[in-house]
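Here is entry.pdb, consisting of PDB, C-alpha atoms and all ligand atoms:
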ATOM      1  CA  MET A 699      14.539  96.951-122.487
ATOM      2  CA  LYS A 700      16.377 100.267-122.329
ATOM      3  CA  ALA A 701      15.912 103.826-123.650
ATOM      4  CA  TYR A 702      18.309 105.515-126.066
ATOM      5  CA  HIS A 703      18.876 108.901-127.638
ATOM      6  CA  VAL A 704      20.451 109.398-131.060
ATOM      7  CA  HIS A 705      21.563 112.728-132.493
ATOM      8  CA  ILE A 706      22.510 113.136-136.134
ATOM      9  CA  SER A 707      23.719 116.347-137.717
ATOM     10  CA  GLY A 708      24.712 117.425-141.216
ATOM     11  CA  GLN A 709      22.456 117.674-144.263
ATOM     12  CA  VAL A 710      19.600 115.793-142.662
ATOM     13  CA  GLN A 711      16.533 117.991-143.224
ATOM     14  CA  GLY A 712      14.538 118.136-146.447
ATOM     15  CA  VAL A 713      16.001 114.814-147.552
ATOM     16  CA  GLY A 714      13.376 112.438-146.155
ATOM     17  CA  PHE A 715      15.182 111.547-142.939
ATOM     18  CA  ARG A 716      12.130 111.441-140.660
ATOM     19  CA  PRO A 717       9.966 109.219-142.909
ATOM     20  CA  TYR A 718      12.979 107.000-143.553
ATOM     21  CA  VAL A 719      13.645 106.441-139.841
ATOM     22  CA  TYR A 720       9.910 106.041-139.197
ATOM     23  CA  LYS A 721       9.697 103.201-141.717
ATOM     24  CA  LEU A 722      12.847 101.573-140.378
ATOM     25  CA  ALA A 723      11.483 101.736-136.811
ATOM     26  CA  GLU A 724       8.211 100.125-137.948
ATOM     27  CA  LYS A 725      10.142  97.376-139.724
ATOM     28  CA  MET A 726      12.313  96.649-136.682
ATOM     29  CA  GLY A 727       9.493  97.015-134.155
ATOM     30  CA  VAL A 728      11.226  99.943-132.434
ATOM     31  CA  LYS A 729       9.072 102.429-130.488
ATOM     32  CA  GLY A 730       9.934 106.055-129.799
ATOM     33  CA  TRP A 731      10.035 109.296-131.785
ATOM     34  CA  ILE A 732      12.079 111.347-134.253
ATOM     35  CA  SER A 733      12.134 115.116-134.440
ATOM     36  CA  ASN A 734      13.838 117.875-136.434
ATOM     37  CA  THR A 735      15.656 120.536-134.477
ATOM     38  CA  ASN A 736      17.953 123.426-135.311
ATOM     39  CA  ASP A 737      20.944 121.141-134.897
ATOM     40  CA  GLY A 738      19.824 118.108-136.905
ATOM     41  CA  VAL A 739      17.534 115.224-136.003
ATOM     42  CA  HIS A 740      16.999 113.661-132.591
ATOM     43  CA  ILE A 741      15.610 110.207-131.984
ATOM     44  CA  GLU A 742      14.587 108.557-128.726
ATOM     45  CA  PHE A 743      13.541 104.938-128.605
ATOM     46  CA  ASN A 744      13.189 101.726-126.598
ATOM     47  CA  ALA A 745      15.120  98.599-127.491
ATOM     48  CA  ASN A 746      17.466  96.055-126.009
ATOM     49  CA  GLU A 747      21.149  96.770-126.564
ATOM     50  CA  ALA A 748      21.579  94.528-129.616
ATOM     51  CA  ILE A 749      18.539  95.971-131.441
ATOM     52  CA  ALA A 750      19.547  99.516-130.475
ATOM     53  CA  ILE A 751      22.955  99.113-132.116
ATOM     54  CA  GLN A 752      21.402  97.437-135.149
ATOM     55  CA  PHE A 753      18.826 100.256-135.515
ATOM     56  CA  TYR A 754      21.481 102.958-135.073
ATOM     57  CA  LYS A 755      23.851 101.353-137.589
ATOM     58  CA  ALA A 756      21.057 100.891-140.129
ATOM     59  CA  ILE A 757      20.112 104.588-139.869
ATOM     60  CA  ILE A 758      23.686 105.715-140.450
ATOM     61  CA  GLN A 759      24.634 103.185-143.105
ATOM     62  CA  SER A 760      21.581 103.219-145.351
ATOM     63  CA  ARG A 761      20.682 106.869-144.835
ATOM     64  CA  PRO A 762      18.431 108.722-147.354
ATOM     65  CA  LEU A 763      19.817 109.421-150.809
ATOM     66  CA  HIS A 764      20.632 113.135-150.508
ATOM     67  CA  SER A 765      21.614 113.248-146.846
ATOM     68  CA  ILE A 766      25.121 114.023-145.581
ATOM     69  CA  ILE A 767      25.942 113.010-142.026
ATOM     70  CA  THR A 768      28.695 115.003-140.350
ATOM     71  CA  HIS A 769      28.231 113.881-136.721
ATOM     72  CA  HIS A 770      26.239 111.189-134.980
ATOM     73  CA  TYR A 771      26.108 109.549-131.580
ATOM     74  CA  ILE A 772      23.991 107.243-129.460
ATOM     75  CA  ASP A 773      23.542 107.466-125.685
ATOM     76  CA  GLU A 774      21.606 105.419-123.205
ATOM     77  CA  ILE A 775      19.185 107.691-121.316
ATOM     78  CA  PRO A 776      17.119 107.231-118.141
ATOM     79  CA  PHE A 777      14.358 104.729-118.898
ATOM     80  CA  LYS A 778      11.043 105.914-120.311
ATOM     81  CA  GLU A 779       8.560 103.834-122.225
ATOM     82  CA  PHE A 780       7.113 104.645-125.658
ATOM     83  CA  SER A 781       3.906 103.094-126.973
ATOM     84  CA  CYS A 782       4.507 103.571-130.703
ATOM     85  CA  PHE A 783       6.950 105.279-133.092
ATOM     86  CA  SER A 784       6.000 108.803-134.125
ATOM     87  CA  ILE A 785       7.303 111.887-135.904
ATOM     88  CA  LYS A 786       7.245 114.487-133.177
ATOM     89  CA  GLU A 787       6.695 118.169-133.728
ATOM     90  CA  SER A 788       9.930 119.991-134.451
ATOM     91  CA  ASN A 789      11.714 121.695-131.643
ATOM     92  CA  THR A 790      13.634 124.945-132.029
ATOM     93  CA  GLY A 791      15.422 124.985-128.699
ATOM     94  CA  HIS A 792      18.918 124.248-129.941
ATOM     95  CA  ARG A 793      21.734 126.323-131.347
ATOM     96  CA  PRO A 794      21.530 126.258-135.167
ATOM     97  CA  ASN A 795      24.020 123.759-136.533
ATOM     98  CA  LEU A 796      22.869 122.366-139.844
ATOM     99  CA  LEU A 797      24.057 121.959-143.394
ATOM    100  CA  PHE A 798      21.437 123.556-145.625
ATOM    101  CA  THR A 799      19.958 121.191-148.158
ATOM    102  CA  PRO A 800      20.245 122.607-151.678
ATOM    103  CA  ASP A 801      17.367 122.720-154.163
ATOM    104  CA  ILE A 802      17.132 119.328-155.830
ATOM    105  CA  ALA A 803      16.188 118.926-159.502
ATOM    106  CA  ILE A 804      12.985 117.078-160.340
ATOM    107  CA  CYS A 805      13.595 113.322-159.984
ATOM    108  CA  ASP A 806      12.867 110.740-162.697
ATOM    109  CA  GLU A 807       9.720 109.457-160.984
ATOM    110  CA  CYS A 808       8.177 112.927-160.657
ATOM    111  CA  LYS A 809       9.157 113.698-164.253
ATOM    112  CA  ARG A 810       7.358 110.553-165.387
ATOM    113  CA  GLU A 811       4.221 111.554-163.466
ATOM    114  CA  VAL A 812       4.209 115.076-164.896
ATOM    115  CA  LEU A 813       4.165 113.613-168.415
ATOM    116  CA  GLN A 814       1.381 111.014-167.882
ATOM    117  CA  ASN A 815      -1.926 112.563-168.881
ATOM    118  CA  ASP A 816      -3.963 110.263-166.619
ATOM    119  CA  ASN A 817      -1.810 111.112-163.623
ATOM    120  CA  ARG A 818      -2.932 113.622-161.024
ATOM    121  CA  TRP A 819       0.436 115.383-161.318
ATOM    122  CA  TYR A 820       0.059 115.768-165.087
ATOM    123  CA  ASP A 821       1.506 119.083-166.282
ATOM    124  CA  TYR A 822       1.760 120.426-162.726
ATOM    125  CA  PRO A 823       4.912 122.548-162.766
ATOM    126  CA  PHE A 824       5.566 122.399-159.012
ATOM    127  CA  THR A 825       5.522 118.598-158.712
ATOM    128  CA  THR A 826       7.966 117.430-156.036
ATOM    129  CA  CYS A 827       8.488 114.484-153.713
ATOM    130  CA  LEU A 828      10.523 113.508-150.690
ATOM    131  CA  HIS A 829      13.620 113.304-152.884
ATOM    132  CA  CYS A 830      13.286 116.351-155.117
ATOM    133  CA  GLY A 831      12.143 119.942-155.214
ATOM    134  CA  PRO A 832      13.190 123.255-153.754
ATOM    135  CA  ARG A 833      14.753 123.373-150.307
ATOM    136  CA  TYR A 834      17.324 126.145-149.780
ATOM    137  CA  SER A 835      15.421 128.690-151.909
ATOM    138  CA  ILE A 836      12.171 128.412-149.960
ATOM    139  CA  ILE A 837      13.440 128.050-146.401
ATOM    140  CA  THR A 838      12.438 131.014-144.237
ATOM    141  CA  GLY A 839      13.524 129.542-140.892
ATOM    142  CA  LEU A 840      14.628 126.414-139.078
ATOM    143  CA  PRO A 841      13.993 123.565-138.591
ATOM    144  CA  TYR A 842      12.834 122.403-142.031
ATOM    145  CA  ASP A 843       9.042 122.135-141.928
ATOM    146  CA  ARG A 844       6.398 123.557-144.261
ATOM    147  CA  ILE A 845       5.633 126.273-141.737
ATOM    148  CA  ASN A 846       9.228 127.494-142.164
ATOM    149  CA  THR A 847       9.056 127.652-145.966
ATOM    150  CA  ALA A 848       7.507 129.961-148.552
ATOM    151  CA  MET A 849       4.773 127.302-148.931
ATOM    152  CA  ALA A 850       3.429 127.862-145.398
ATOM    153  CA  PRO A 851       0.243 129.713-146.492
ATOM    154  CA  LEU A 852      -0.830 126.943-148.905
ATOM    155  CA  PRO A 853      -3.161 124.348-147.340
ATOM    156  CA  LEU A 854      -3.064 120.752-148.641
ATOM    157  CA  CYS A 855      -6.042 119.308-150.514
ATOM    158  CA  SER A 856      -7.448 116.016-149.200
ATOM    159  CA  LYS A 857      -5.493 113.940-151.759
ATOM    160  CA  CYS A 858      -2.180 115.577-150.829
ATOM    161  CA  GLU A 859      -3.037 115.259-147.153
ATOM    162  CA  ARG A 860      -3.603 111.525-147.656
ATOM    163  CA  GLU A 861      -0.269 111.058-149.464
ATOM    164  CA  TYR A 862       1.525 113.178-146.841
ATOM    165  CA  ASN A 863       0.246 110.945-144.048
ATOM    166  CA  ASP A 864       0.731 107.632-145.845
ATOM    167  CA  VAL A 865       3.906 105.944-144.566
ATOM    168  CA  TYR A 866       4.223 103.910-147.764
ATOM    169  CA  ASN A 867       3.742 106.808-150.177
ATOM    170  CA  ARG A 868       6.832 108.394-151.699
ATOM    171  CA  ARG A 869       5.474 111.781-150.598
ATOM    172  CA  HIS A 870       5.060 110.719-146.956
ATOM    173  CA  TYR A 871       5.982 113.760-144.891
ATOM    174  CA  SER A 872       7.065 115.668-148.000
ATOM    175  CA  GLN A 873       6.999 119.323-146.919
ATOM    176  CA  THR A 874       6.801 120.687-150.487
ATOM    177  CA  ILE A 875       3.768 118.643-151.577
ATOM    178  CA  SER A 876       1.146 120.469-153.678
ATOM    179  CA  CYS A 877      -0.834 119.363-156.728
ATOM    180  CA  ASN A 878      -3.150 120.729-159.408
ATOM    181  CA  GLU A 879      -5.982 120.831-156.853
ATOM    182  CA  CYS A 880      -4.171 122.751-154.120
ATOM    183  CA  ALA A 881      -1.852 124.406-156.577
ATOM    184  CA  ILE A 882       0.676 127.158-156.172
ATOM    185  CA  PRO A 883      -1.282 129.802-158.128
ATOM    186  CA  MET A 884       0.071 130.876-161.516
ATOM    187  CA  HIS A 885      -0.632 134.172-163.249
ATOM    188  CA  LEU A 886       0.374 135.435-166.667
ATOM    189  CA  TYR A 887       0.744 139.186-167.173
ATOM    190  CA  ASN A 888       1.512 141.173-170.283
ATOM    191  CA  CYS A 889       4.271 143.791-170.358
ATOM    192  CA  ASN A 890       1.847 146.440-169.033
ATOM    193  CA  GLY A 891       1.149 144.406-165.931
ATOM    194  CA  VAL A 892      -2.359 143.402-167.070
ATOM    195  CA  GLU A 893      -3.299 139.840-166.136
ATOM    196  CA  ILE A 894      -3.935 137.653-169.192
ATOM    197  CA  SER A 895      -4.726 134.385-167.423
ATOM    198  CA  ASN A 896      -4.683 132.599-164.088
ATOM    199  CA  ASN A 897      -5.380 129.162-165.500
ATOM    200  CA  ASN A 898      -2.350 126.839-165.351
ATOM    201  CA  GLU A 899      -3.179 125.007-168.563
ATOM    202  CA  THR A 900      -3.806 128.192-170.564
ATOM    203  CA  ILE A 901      -0.665 129.791-169.144
ATOM    204  CA  LEU A 902       1.575 126.881-170.130
ATOM    205  CA  SER A 903       0.289 126.778-173.710
ATOM    206  CA  SER A 904       0.358 130.597-174.047
ATOM    207  CA  VAL A 905       3.952 130.770-172.815
ATOM    208  CA  ASN A 906       4.882 128.053-175.275
ATOM    209  CA  SER A 907       3.391 130.040-178.189
ATOM    210  CA  LEU A 908       4.826 133.354-176.957
ATOM    211  CA  LEU A 909       8.344 131.885-176.810
ATOM    212  CA  LYS A 910       7.932 130.517-180.334
ATOM    213  CA  GLU A 911       6.781 133.949-181.527
ATOM    214  CA  GLY A 912       9.982 135.481-180.139
ATOM    215  CA  SER A 913       8.722 137.006-176.870
ATOM    216  CA  ILE A 914      10.866 137.289-173.785
ATOM    217  CA  ILE A 915       9.159 135.827-170.704
ATOM    218  CA  ALA A 916      10.091 136.686-167.138
ATOM    219  CA  VAL A 917       9.351 133.561-165.110
ATOM    220  CA  LYS A 918       9.025 134.108-161.394
ATOM    221  CA  GLY A 919      10.379 130.786-160.274
ATOM    222  CA  ILE A 920      11.271 129.318-156.938
ATOM    223  CA  GLY A 921      14.569 131.131-156.459
ATOM    224  CA  GLY A 922      13.906 134.412-158.300
ATOM    225  CA  TYR A 923      13.171 135.603-161.833
ATOM    226  CA  LEU A 924      14.402 133.833-164.953
ATOM    227  CA  LEU A 925      14.300 135.690-168.248
ATOM    228  CA  MET A 926      13.541 133.200-170.996
ATOM    229  CA  CYS A 927      13.536 133.372-174.769
ATOM    230  CA  ASP A 928      13.989 131.071-177.751
ATOM    231  CA  ALA A 929      17.711 130.276-178.005
ATOM    232  CA  THR A 930      17.384 129.700-181.747
ATOM    233  CA  ASN A 931      15.885 133.146-182.400
ATOM    234  CA  ASP A 932      18.601 135.765-183.013
ATOM    235  CA  PHE A 933      16.152 138.710-182.695
ATOM    236  CA  SER A 934      14.943 137.605-179.264
ATOM    237  CA  ILE A 935      18.453 136.948-177.933
ATOM    238  CA  ALA A 936      19.683 140.296-179.273
ATOM    239  CA  ALA A 937      16.711 142.089-177.639
ATOM    240  CA  LEU A 938      17.410 140.351-174.338
ATOM    241  CA  ARG A 939      21.108 141.316-174.485
ATOM    242  CA  LYS A 940      20.170 144.926-175.161
ATOM    243  CA  ARG A 941      17.547 145.143-172.418
ATOM    244  CA  LYS A 942      19.782 143.493-169.856
ATOM    245  CA  ASN A 943      22.750 145.581-171.016
ATOM    246  CA  ARG A 944      24.728 142.385-171.207
ATOM    247  CA  PRO A 945      26.715 142.553-174.436
ATOM    248  CA  ALA A 946      28.890 139.462-174.182
ATOM    249  CA  LYS A 947      28.490 137.306-171.056
ATOM    250  CA  PRO A 948      27.193 133.833-172.075
ATOM    251  CA  PHE A 949      23.530 132.992-171.438
ATOM    252  CA  ALA A 950      22.485 129.741-169.798
ATOM    253  CA  LEU A 951      20.680 127.221-171.996
ATOM    254  CA  LEU A 952      17.876 124.856-170.981
ATOM    255  CA  TYR A 953      17.772 121.405-172.584
ATOM    256  CA  PRO A 954      15.184 118.656-172.181
ATOM    257  CA  ASP A 955      17.703 115.814-171.770
ATOM    258  CA  ILE A 956      21.398 114.968-171.832
ATOM    259  CA  GLU A 957      21.261 113.551-175.397
ATOM    260  CA  THR A 958      20.106 116.904-176.754
ATOM    261  CA  VAL A 959      22.809 118.683-174.747
ATOM    262  CA  GLN A 960      25.397 116.386-176.318
ATOM    263  CA  SER A 961      24.242 117.281-179.815
ATOM    264  CA  ASP A 962      25.233 120.930-179.190
ATOM    265  CA  VAL A 963      27.878 120.879-176.487
ATOM    266  CA  LEU A 964      31.306 119.299-175.984
ATOM    267  CA  LEU A 965      30.897 117.471-172.692
ATOM    268  CA  ASN A 966      33.549 115.722-170.638
ATOM    269  CA  LYS A 967      32.801 113.128-167.957
ATOM    270  CA  LYS A 968      32.820 115.614-165.077
ATOM    271  CA  GLU A 969      30.476 118.019-166.841
ATOM    272  CA  THR A 970      28.082 115.199-167.727
ATOM    273  CA  GLU A 971      28.088 113.968-164.122
ATOM    274  CA  ALA A 972      27.360 117.480-162.822
ATOM    275  CA  LEU A 973      24.458 117.971-165.252
ATOM    276  CA  GLU A 974      22.988 114.597-164.320
ATOM    277  CA  SER A 975      23.482 115.036-160.570
ATOM    278  CA  ALA A 976      20.553 115.525-158.200
ATOM    279  CA  VAL A 977      21.264 119.225-157.806
ATOM    280  CA  ALA A 978      21.720 119.695-161.604
ATOM    281  CA  PRO A 979      23.566 123.028-161.460
ATOM    282  CA  ILE A 980      24.309 125.400-164.345
ATOM    283  CA  VAL A 981      27.538 124.013-165.839
ATOM    284  CA  LEU A 982      30.010 125.999-167.920
ATOM    285  CA  CYS A 983      30.780 123.983-171.067
ATOM    286  CA  GLN A 984      31.904 124.605-174.606
ATOM    287  CA  LEU A 985      29.343 124.914-177.389
ATOM    288  CA  LYS A 986      30.218 123.111-180.623
ATOM    289  CA  ASN A 987      30.895 125.291-183.656
ATOM    290  CA  GLU A 988      27.859 123.775-185.355
ATOM    291  CA  THR A 989      24.834 123.126-183.130
ATOM    292  CA  VAL A 990      22.284 120.496-184.130
ATOM    293  CA  THR A 991      19.297 122.199-182.449
ATOM    294  CA  GLY A 992      19.965 125.523-184.130
ATOM    295  CA  VAL A 993      20.950 127.298-180.913
ATOM    296  CA  TYR A 994      22.225 130.680-182.035
ATOM    297  CA  ARG A 995      25.838 130.239-180.977
ATOM    298  CA  GLN A 996      27.197 133.693-181.884
ATOM    299  CA  LEU A 997      24.693 135.475-179.635
ATOM    300  CA  ILE A 998      24.403 132.904-176.828
ATOM    301  CA  ALA A 999      28.146 132.820-176.170
ATOM    302  CA  PRO A1000      29.916 135.514-178.199
ATOM    303  CA  ALA A1001      33.569 134.629-178.812
TER     304      ALA A1001
HETATM  305 ZN    ZN A1101      10.548 113.649-157.103
HETATM  306 ZN    ZN A1102      -3.088 118.726-153.539
END
Take the structure I supplied and represent it as structure tokens, if you would.
Ligand SMILES: [Zn+2]
Ligand SMILES: [Zn+2]
Amino acid sequence: MKAYHVHISGQVQGVGFRPYVYKLAEKMGVKGWISNTNDGVHIEFNANEAIAIQFYKAIIQSRPLHSIITHHYIDEIPFKEFSCFSIKESNTGHRPNLLFTPDIAICDECKREVLQNDNRWYDYPFTTCLHCGPRYSIITGLPYDRINTAMAPLPLCSKCEREYNDVYNRRHYSQTISCNECAIPMHLYNCNGVEISNNNETILSSVNSLLKEGSIIAVKGIGGYLLMCDATNDFSIAALRKRKNRPAKPFALLYPDIETVQSDVLLNKKETEALESAVAPIVLCQLKNETVTGVYRQLIAPA
């Protein structure tokens, strides 16, 4: 039995690296620890040489979905014995050398949960998991841990705490976990700054009606404010253009799914891939002359 140290750098924080390695170590009977640092992740463990190489190769080859590995190495270190595998507290004593993980769009599994009315994540707008949710926008320091994000002041409820600590839960060690019970608080204000509601359910239905009535809503989201209005309402779009003093620059459109996008927009393969990618960025595309949804083309993207 020997002791080894592995260092991996790149986009390795906020992508589920620690829980992934933890599970792999359990499966292979490897004991030691993993920790986030300013320069990536470090792992120390006990194994014989053959298992060590197998463990190391498995980490690199079947790494978590959204990770990018730029450097990695394994070294034998002076022998020390570990009694179990653990996720060790992060350590800041290294020079920063990390690729920042971007914000990742809600994944299919979380989306499904948000829509199931018997699910505890039903209608919760900040539902995330190990593989989706904000990262770059909420990081206030390194390494990536809840304490170094804008979510630091929010304590977990007992249900979230249980999922966070459950190795076999898909939110194991998910730093952005929060649910309806330990929710990120929502508030709805009118244009005079008077609070109308602080109840999530009421807010969501009110915003829905207000948009339909033609109101412009400023949504304080994860990465800043979004100004939203009904893209089929020419009065609302015109008011937004006037208030923003933005006479011609195209506005971004939000669609519920790719099929609805395709009914309005000419999409090539690259554009479709970008829209369906994990990061789901805003993509510049061409609106069709006639839109099926009734999006007000002339005001959304003036020729
Ligand atoms: Zn998810
Ligand atoms: Zn909770």
Grab me every residue within 10 Å of ligand ZN 1102 (chain A), counting only C-alpha atoms and all ligand atoms, and send it over as number ranges by chain.
-> A: 818-819, 852-862, 875-882
Set the cut-off to 9 Å, count all atoms listed in the file, and list whatever residues fall near ligand ZN 1101 (chain A) as a PyMOL selection string.
-> chain A and resi 802-809+825-831+868-869
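Using all atoms listed in the file, the protein and nucleic acid residues lying no more than 12 Å from A:Glu974, apart from those fewer than 3 places from it along its own chain, are Ile802, Ala803, Ile804, Cys805, Asp806, Tyr953, Pro954, Asp955, Ile956, Glu957, Val959, Leu965, Lys967, Lys968, Glu969, Thr970, Glu971, Val977, Ala978, Pro979, Ile980 and Val981 of chain A.
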Residue with smallest distance to A:Val990 - pool A:Ala723, A:Ile758, A:Val728, A:Val963, counting all atoms listed in the file = A:Val963
Residues at most 10 Å from A:His703, counting only C-alpha atoms, excluding those fewer than 5 positions away in the same chain, as a list in words?
-> Gly730, Trp731, Ile732, His740, Ile741, Glu742, Phe743, Asn744, Ala750, Tyr754, Tyr771, Ile772, Asp773, Glu774, Ile775 and Pro776 of chain A
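The spacing separating atom CA of A:Gly708 from atom CA of A:Asn736 amounts to 10.8 Å.
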Given the file shown, enumerate the residues that the PyMOL selection byres (((chain A and resi 737) around 8) and not hetatm) captures and present them as a ChimeraX atom specification.
-> /A:707,734-736,738-739,792-796
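Of the residues listed (A:Asn789, A:Ser835, A:Asn897, A:Asn888), A:Asn888 shows the shortest atom-to-atom separation from A:Ile914; distances use all atoms listed in the file.
Interatomic distance, atom CA of A:Ile998 to atom CA of A:Phe949: 5.5 Å.
For the choices A:Leu763, A:Ile706, A:Leu938, A:Val713, the atom-to-atom distance to A:Asp843 is smallest for A:Val713 when using all atoms listed in the file.
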Between atom CA of A:Asp928 and atom CA of A:Leu908, what is the spacing in Å?
-> 9.5 Å
To test the calculation: enclose all listed atoms of stretch 850-857 of chain A in a box whose edges run along x, y and z, add 8 Å on each side, then state centre and edge lengths in Å to one decimal, as lines of an AutoDock Vina configuration file.
center_x = -2.0
center_y = 121.8
center_z = -148.6
size_x = 26.9
size_y = 31.8
size_z = 22.4
Around the point (15.6, 96.3, -137.9) in the file's coordinates, collect all residues with an atom within 12 Å, using all atoms listed in the file, and return them as a PyMOL selection string.
-> chain A and resi 719-729+745+748-757+760
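Across A:Tyr820, A:Leu997, A:Glu811, A:Met699, the tightest approach to A:Lys940 is made by A:Leu997 when counting only C-alpha atoms.
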On this structure, which residues satisfy the PyMOL selection byres (((chain A and resi 946) around 12) and not hetatm), written as a ChimeraX atom specification?
-> /A:935-936,938-940,942-945,947-949,995-1001
Can you give me, as a PyMOL selection string, the residues this file yields under the PyMOL selection byres (((chain A and resi 919) around 12) and not hetatm)?
-> chain A and resi 823-824+832+835-836+882-885+915-918+920-926
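Compared by their closest atoms to A:Ser765, and using only C-alpha atoms, the residues A:Asn746, A:Ser781, A:Asn966, A:Gln709 rank with A:Gln709 nearest.
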